[in-house]
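> My structure is stored as model_35.pdb, with PDB, C-alpha atoms.
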ATOM      1  CA  MET A   1      12.609   7.971  12.707
ATOM      2  CA  ALA A   2       9.841   8.555  10.216
ATOM      3  CA  LYS A   3       7.439   6.369  12.165
ATOM      4  CA  THR A   4       7.176   8.944  14.932
ATOM      5  CA  GLN A   5       5.302  11.325  12.609
ATOM      6  CA  LYS A   6       1.786  12.264  13.651
ATOM      7  CA  GLY A   7      -1.286  11.698  11.519
ATOM      8  CA  PRO A   8      -1.782   9.825   8.249
ATOM      9  CA  THR A   9       1.160   9.429   5.882
ATOM     10  CA  GLU A  10       1.350  11.074   2.471
ATOM     11  CA  SER A  11       0.994   7.582   0.928
ATOM     12  CA  ARG A  12      -2.284   7.031   2.738
ATOM     13  CA  LEU A  13      -3.679  10.391   1.663
ATOM     14  CA  THR A  14      -2.468   9.985  -1.926
ATOM     15  CA  PHE A  15      -4.028   6.547  -2.243
ATOM     16  CA  GLY A  16      -7.391   7.804  -1.012
ATOM     17  CA  ARG A  17      -7.368  10.879  -3.213
ATOM     18  CA  ARG A  18      -6.338   8.979  -6.347
ATOM     19  CA  LEU A  19      -8.880   6.231  -5.684
ATOM     20  CA  ARG A  20     -11.684   8.760  -5.399
ATOM     21  CA  GLU A  21     -10.502  10.530  -8.560
ATOM     22  CA  GLU A  22     -10.451   7.307 -10.577
ATOM     23  CA  ARG A  23     -13.752   6.071  -9.184
ATOM     24  CA  GLN A  24     -15.495   9.332 -10.039
ATOM     25  CA  LYS A  25     -13.800   9.606 -13.439
ATOM     26  CA  GLN A  26     -15.283   6.202 -14.276
ATOM     27  CA  GLY A  27     -18.729   7.273 -13.055
ATOM     28  CA  MET A  28     -18.724   4.697 -10.279
ATOM     29  CA  THR A  29     -20.576   5.170  -6.983
ATOM     30  CA  LEU A  30     -19.172   3.947  -3.659
ATOM     31  CA  GLU A  31     -21.702   1.117  -3.900
ATOM     32  CA  ASP A  32     -20.449   0.165  -7.393
ATOM     33  CA  LEU A  33     -16.863  -0.033  -6.164
ATOM     34  CA  ALA A  34     -17.975  -1.951  -3.057
ATOM     35  CA  GLU A  35     -19.632  -4.508  -5.314
ATOM     36  CA  ARG A  36     -16.529  -4.832  -7.494
ATOM     37  CA  SER A  37     -13.971  -4.985  -4.674
ATOM     38  CA  GLY A  38     -15.804  -6.890  -1.942
ATOM     39  CA  ILE A  39     -15.114  -4.035   0.492
ATOM     40  CA  THR A  40     -17.985  -2.155   2.144
ATOM     41  CA  TRP A  41     -18.875   1.299   0.805
ATOM     42  CA  SER A  42     -18.565   2.839   4.271
ATOM     43  CA  TYR A  43     -14.990   1.560   4.592
ATOM     44  CA  ILE A  44     -14.133   2.827   1.084
ATOM     45  CA  ALA A  45     -15.548   6.258   1.967
ATOM     46  CA  GLN A  46     -13.200   6.440   4.950
ATOM     47  CA  VAL A  47     -10.222   5.225   2.908
ATOM     48  CA  GLU A  48     -10.843   7.953   0.336
ATOM     49  CA  VAL A  49     -10.448  10.663   2.965
ATOM     50  CA  GLY A  50      -7.444   9.022   4.628
ATOM     51  CA  ARG A  51      -9.254   7.971   7.772
ATOM     52  CA  ARG A  52      -8.210   4.292   7.558
ATOM     53  CA  ASN A  53      -4.739   2.783   7.616
ATOM     54  CA  ILE A  54      -5.687   0.306   4.897
ATOM     55  CA  SER A  55      -3.761  -2.933   4.273
ATOM     56  CA  VAL A  56      -1.910  -3.721   1.067
ATOM     57  CA  ASP A  57      -4.328  -6.534   0.162
ATOM     58  CA  ASN A  58      -7.335  -4.227   0.485
ATOM     59  CA  MET A  59      -5.482  -1.551  -1.535
ATOM     60  CA  HIS A  60      -5.026  -4.255  -4.185
ATOM     61  CA  PHE A  61      -8.756  -5.076  -4.285
ATOM     62  CA  LEU A  62      -9.771  -1.407  -4.485
ATOM     63  CA  ALA A  63      -7.214  -0.611  -7.196
ATOM     64  CA  ALA A  64      -8.402  -3.673  -9.141
ATOM     65  CA  GLY A  65     -11.958  -2.372  -8.732
ATOM     66  CA  VAL A  66     -11.024   0.686 -10.812
ATOM     67  CA  GLY A  67      -8.999  -1.467 -13.226
ATOM     68  CA  MET A  68      -5.536  -0.532 -12.005
ATOM     69  CA  SER A  69      -2.624  -1.819  -9.969
ATOM     70  CA  VAL A  70      -1.716  -0.110  -6.689
ATOM     71  CA  GLY A  71       1.460   1.217  -8.309
ATOM     72  CA  GLU A  72      -0.473   2.729 -11.209
ATOM     73  CA  LEU A  73      -2.983   4.296  -8.855
ATOM     74  CA  LEU A  74      -0.275   5.887  -6.695
ATOM     75  CA  ARG A  75       1.449   7.506  -9.652
ATOM     76  CA  THR A  76       0.412  11.114  -9.414
ATOM     77  CA  THR A  77      -1.125  12.306 -12.664
TER      78      THR A  77
ATOM     79  CA  MET B   1     -15.298 -10.513  -6.285
ATOM     80  CA  ALA B   2     -11.553 -10.116  -6.178
ATOM     81  CA  LYS B   3     -11.539 -10.229  -2.400
ATOM     82  CA  THR B   4     -12.442 -13.914  -2.399
ATOM     83  CA  GLN B   5      -9.012 -14.823  -3.810
ATOM     84  CA  LYS B   6      -6.845 -17.043  -1.633
ATOM     85  CA  GLY B   7      -3.376 -16.110  -0.424
ATOM     86  CA  PRO B   8      -1.439 -12.855  -0.605
ATOM     87  CA  THR B   9      -2.210 -10.412  -3.407
ATOM     88  CA  GLU B  10       0.213  -9.602  -6.194
ATOM     89  CA  SER B  11       0.575  -6.110  -4.683
ATOM     90  CA  ARG B  12       1.710  -7.568  -1.375
ATOM     91  CA  LEU B  13       4.264  -9.850  -3.043
ATOM     92  CA  THR B  14       5.522  -7.102  -5.358
ATOM     93  CA  PHE B  15       5.996  -4.676  -2.483
ATOM     94  CA  GLY B  16       8.027  -7.213  -0.498
ATOM     95  CA  ARG B  17      10.161  -8.240  -3.447
ATOM     96  CA  ARG B  18      10.898  -4.681  -4.525
ATOM     97  CA  LEU B  19      11.657  -3.595  -0.961
ATOM     98  CA  ARG B  20      14.197  -6.394  -0.555
ATOM     99  CA  GLU B  21      15.757  -5.569  -3.940
ATOM    100  CA  GLU B  22      16.177  -1.904  -3.060
ATOM    101  CA  ARG B  23      17.426  -2.598   0.449
ATOM    102  CA  GLN B  24      20.058  -5.018  -0.822
ATOM    103  CA  LYS B  25      21.025  -2.787  -3.749
ATOM    104  CA  GLN B  26      21.791  -0.068  -1.212
ATOM    105  CA  GLY B  27      23.823  -2.465   0.933
ATOM    106  CA  MET B  28      21.437  -2.154   3.840
ATOM    107  CA  THR B  29      20.829  -4.929   6.386
ATOM    108  CA  LEU B  30      17.405  -5.613   7.881
ATOM    109  CA  GLU B  31      18.718  -3.947  11.039
ATOM    110  CA  ASP B  32      19.747  -0.836   9.070
ATOM    111  CA  LEU B  33      16.280  -0.515   7.544
ATOM    112  CA  ALA B  34      14.674  -1.174  10.940
ATOM    113  CA  GLU B  35      16.676   1.721  12.368
ATOM    114  CA  ARG B  36      15.672   4.038   9.510
ATOM    115  CA  SER B  37      11.991   3.102   9.409
ATOM    116  CA  GLY B  38      11.150   2.490  13.055
ATOM    117  CA  ILE B  39       9.808  -0.976  12.158
ATOM    118  CA  THR B  40      11.351  -4.118  13.673
ATOM    119  CA  TRP B  41      13.716  -6.170  11.497
ATOM    120  CA  SER B  42      11.682  -9.335  12.116
ATOM    121  CA  TYR B  43       8.536  -7.663  10.798
ATOM    122  CA  ILE B  44      10.431  -6.330   7.750
ATOM    123  CA  ALA B  45      11.767  -9.834   7.043
ATOM    124  CA  GLN B  46       8.201 -11.159   6.950
ATOM    125  CA  VAL B  47       6.997  -8.267   4.771
ATOM    126  CA  GLU B  48       9.758  -8.967   2.254
ATOM    127  CA  VAL B  49       8.481 -12.511   1.701
ATOM    128  CA  GLY B  50       4.808 -11.501   1.615
ATOM    129  CA  ARG B  51       3.901 -13.012   4.977
ATOM    130  CA  ARG B  52       2.362  -9.816   6.382
ATOM    131  CA  ASN B  53      -0.612  -7.841   5.126
ATOM    132  CA  ILE B  54       1.173  -4.562   5.844
ATOM    133  CA  SER B  55      -0.660  -1.245   6.247
ATOM    134  CA  VAL B  56      -0.200   1.732   3.952
ATOM    135  CA  ASP B  57       1.451   3.811   6.684
ATOM    136  CA  ASN B  58       4.045   1.109   7.372
ATOM    137  CA  MET B  59       4.613   0.734   3.602
ATOM    138  CA  HIS B  60       5.274   4.483   3.601
ATOM    139  CA  PHE B  61       7.867   4.254   6.382
ATOM    140  CA  LEU B  62       9.659   1.313   4.734
ATOM    141  CA  ALA B  63       9.683   2.947   1.301
ATOM    142  CA  ALA B  64      11.024   6.143   2.893
ATOM    143  CA  GLY B  65      13.712   4.024   4.564
ATOM    144  CA  VAL B  66      15.085   3.161   1.128
ATOM    145  CA  GLY B  67      14.600   6.740  -0.092
ATOM    146  CA  MET B  68      11.506   6.166  -2.206
ATOM    147  CA  SER B  69       7.750   6.663  -2.262
ATOM    148  CA  VAL B  70       5.439   3.644  -2.197
ATOM    149  CA  GLY B  71       4.451   4.371  -5.802
ATOM    150  CA  GLU B  72       8.083   4.469  -6.928
ATOM    151  CA  LEU B  73       8.843   1.246  -5.099
ATOM    152  CA  LEU B  74       5.885  -0.573  -6.667
ATOM    153  CA  ARG B  75       6.888   0.382 -10.191
ATOM    154  CA  THR B  76       8.390  -2.811 -11.561
ATOM    155  CA  THR B  77      11.856  -2.181 -12.909
TER     156      THR B  77
END
Show me this structure written as structure tokens.

Amino acid sequence: MAKTQKGPTESRLTFGRRLREERQKQGMTLEDLAERSGITWSYIAQVEVGRRNISVDNMHFLAAGVGMSVGELLRTT
Amino acid sequence: MAKTQKGPTESRLTFGRRLREERQKQGMTLEDLAERSGITWSYIAQVEVGRRNISVDNMHFLAAGVGMSVGELLRTT
């Protein structure tokens, strides 16, 4: 089964990478996004590099912080 | 901040609804998807109705269980 795979999933890595891309594209610091999302900058920094198995609600708040839905953010550009 | 909202996020509800739609469209039972994803059927049942704040890795395994990526699954059809 897929769940036996080791390490972070592709979805986790993609979310982090796309979040960082969008945040930087919009000229936002980690602190700016923390302020907008209600999630600490140190947690966001770890999410961006795939170090945290983030929950769907927190993905929602971070995506909203860059003005997108989770689905939009995960679409590779 | 967005994080102060009460109740499950739209992303959580959309993921559950779309997962159930795809599972049923493919004629899969909860047990079938449990077998494919490595996640218990009782947990999947709760995810489908938005009762669990599921992690990105488990979203990945469930989406893969219906042959999709998380981004594809979240795209409203």
> Give me, please, the distance in Å between CA of Ala64 in chain B and CA of Met28 in chain B, quoted to one decimal.
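Atom-to-atom, CA of Ala64 in chain B to CA of Met28 in chain B, that is 13.3 Å.
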> Using CA of Asn53 in chain B and CA of Phe15 in chain B as the two end points, give the distance in Å to one decimal.
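Separating CA of Asn53 in chain B from CA of Phe15 in chain B is a distance of 10.6 Å.
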> Would you kindly translate the PyMOL selection byres ((chain A and resi 65) around 12) into the concrete residues it picks from this file, as a ChimeraX atom specification?
/A:19-20,22-23,26,28-39,44,58-64,66-70,73 /B:1-3
> What does the distance from CA of Glu10 in chain A to CA of Asp57 in chain B come to in Å, to one decimal?
8.4 Å
> For Gln24 in chain B, which residue out of B:Glu48, B:Lys6, B:Leu74, B:Val56 is the nearest one, using only C-alpha atoms?
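Closest candidate: B:Glu48.
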> Identify which of the residues A:Gly7, A:Thr40, A:Ala45, A:Gly71 lies closest to chain B, counting all atoms listed in the file when measuring atom-to-atom distances.
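Comparing A:Gly7, A:Thr40, A:Ala45, A:Gly71 against chain B, the winner is A:Gly71.
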> If you take every atom of range 47-58 of chain A that the file lists and fit an axis-aligned box around them with 8 Å extra on each side, what centre and edge lengths come out in Å to one decimal, as AutoDock Vina command-line options?

--center_x -6.4 --center_y 2.1 --center_z 4.0 --size_x 24.9 --size_y 33.2 --size_z 23.6
> Which is closer to chain B than all the others in A:Glu72, A:Ser42, A:Gly16, A:Lys25, using all atoms listed in the file?
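Distance minimum relative to chain B lands on A:Glu72.
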> When distances are computed from only C-alpha atoms, which of B:Trp41, B:Gly27, B:Leu13, B:Arg75 shows the smallest separation from chain A?
B:Arg75
> Considering all atoms listed in the file, state which residue in the set B:Tyr43, B:Gly50, B:Glu21, B:Thr9 is at the smallest distance from chain A.
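So, comparing all the options, the nearest one is B:Thr9.
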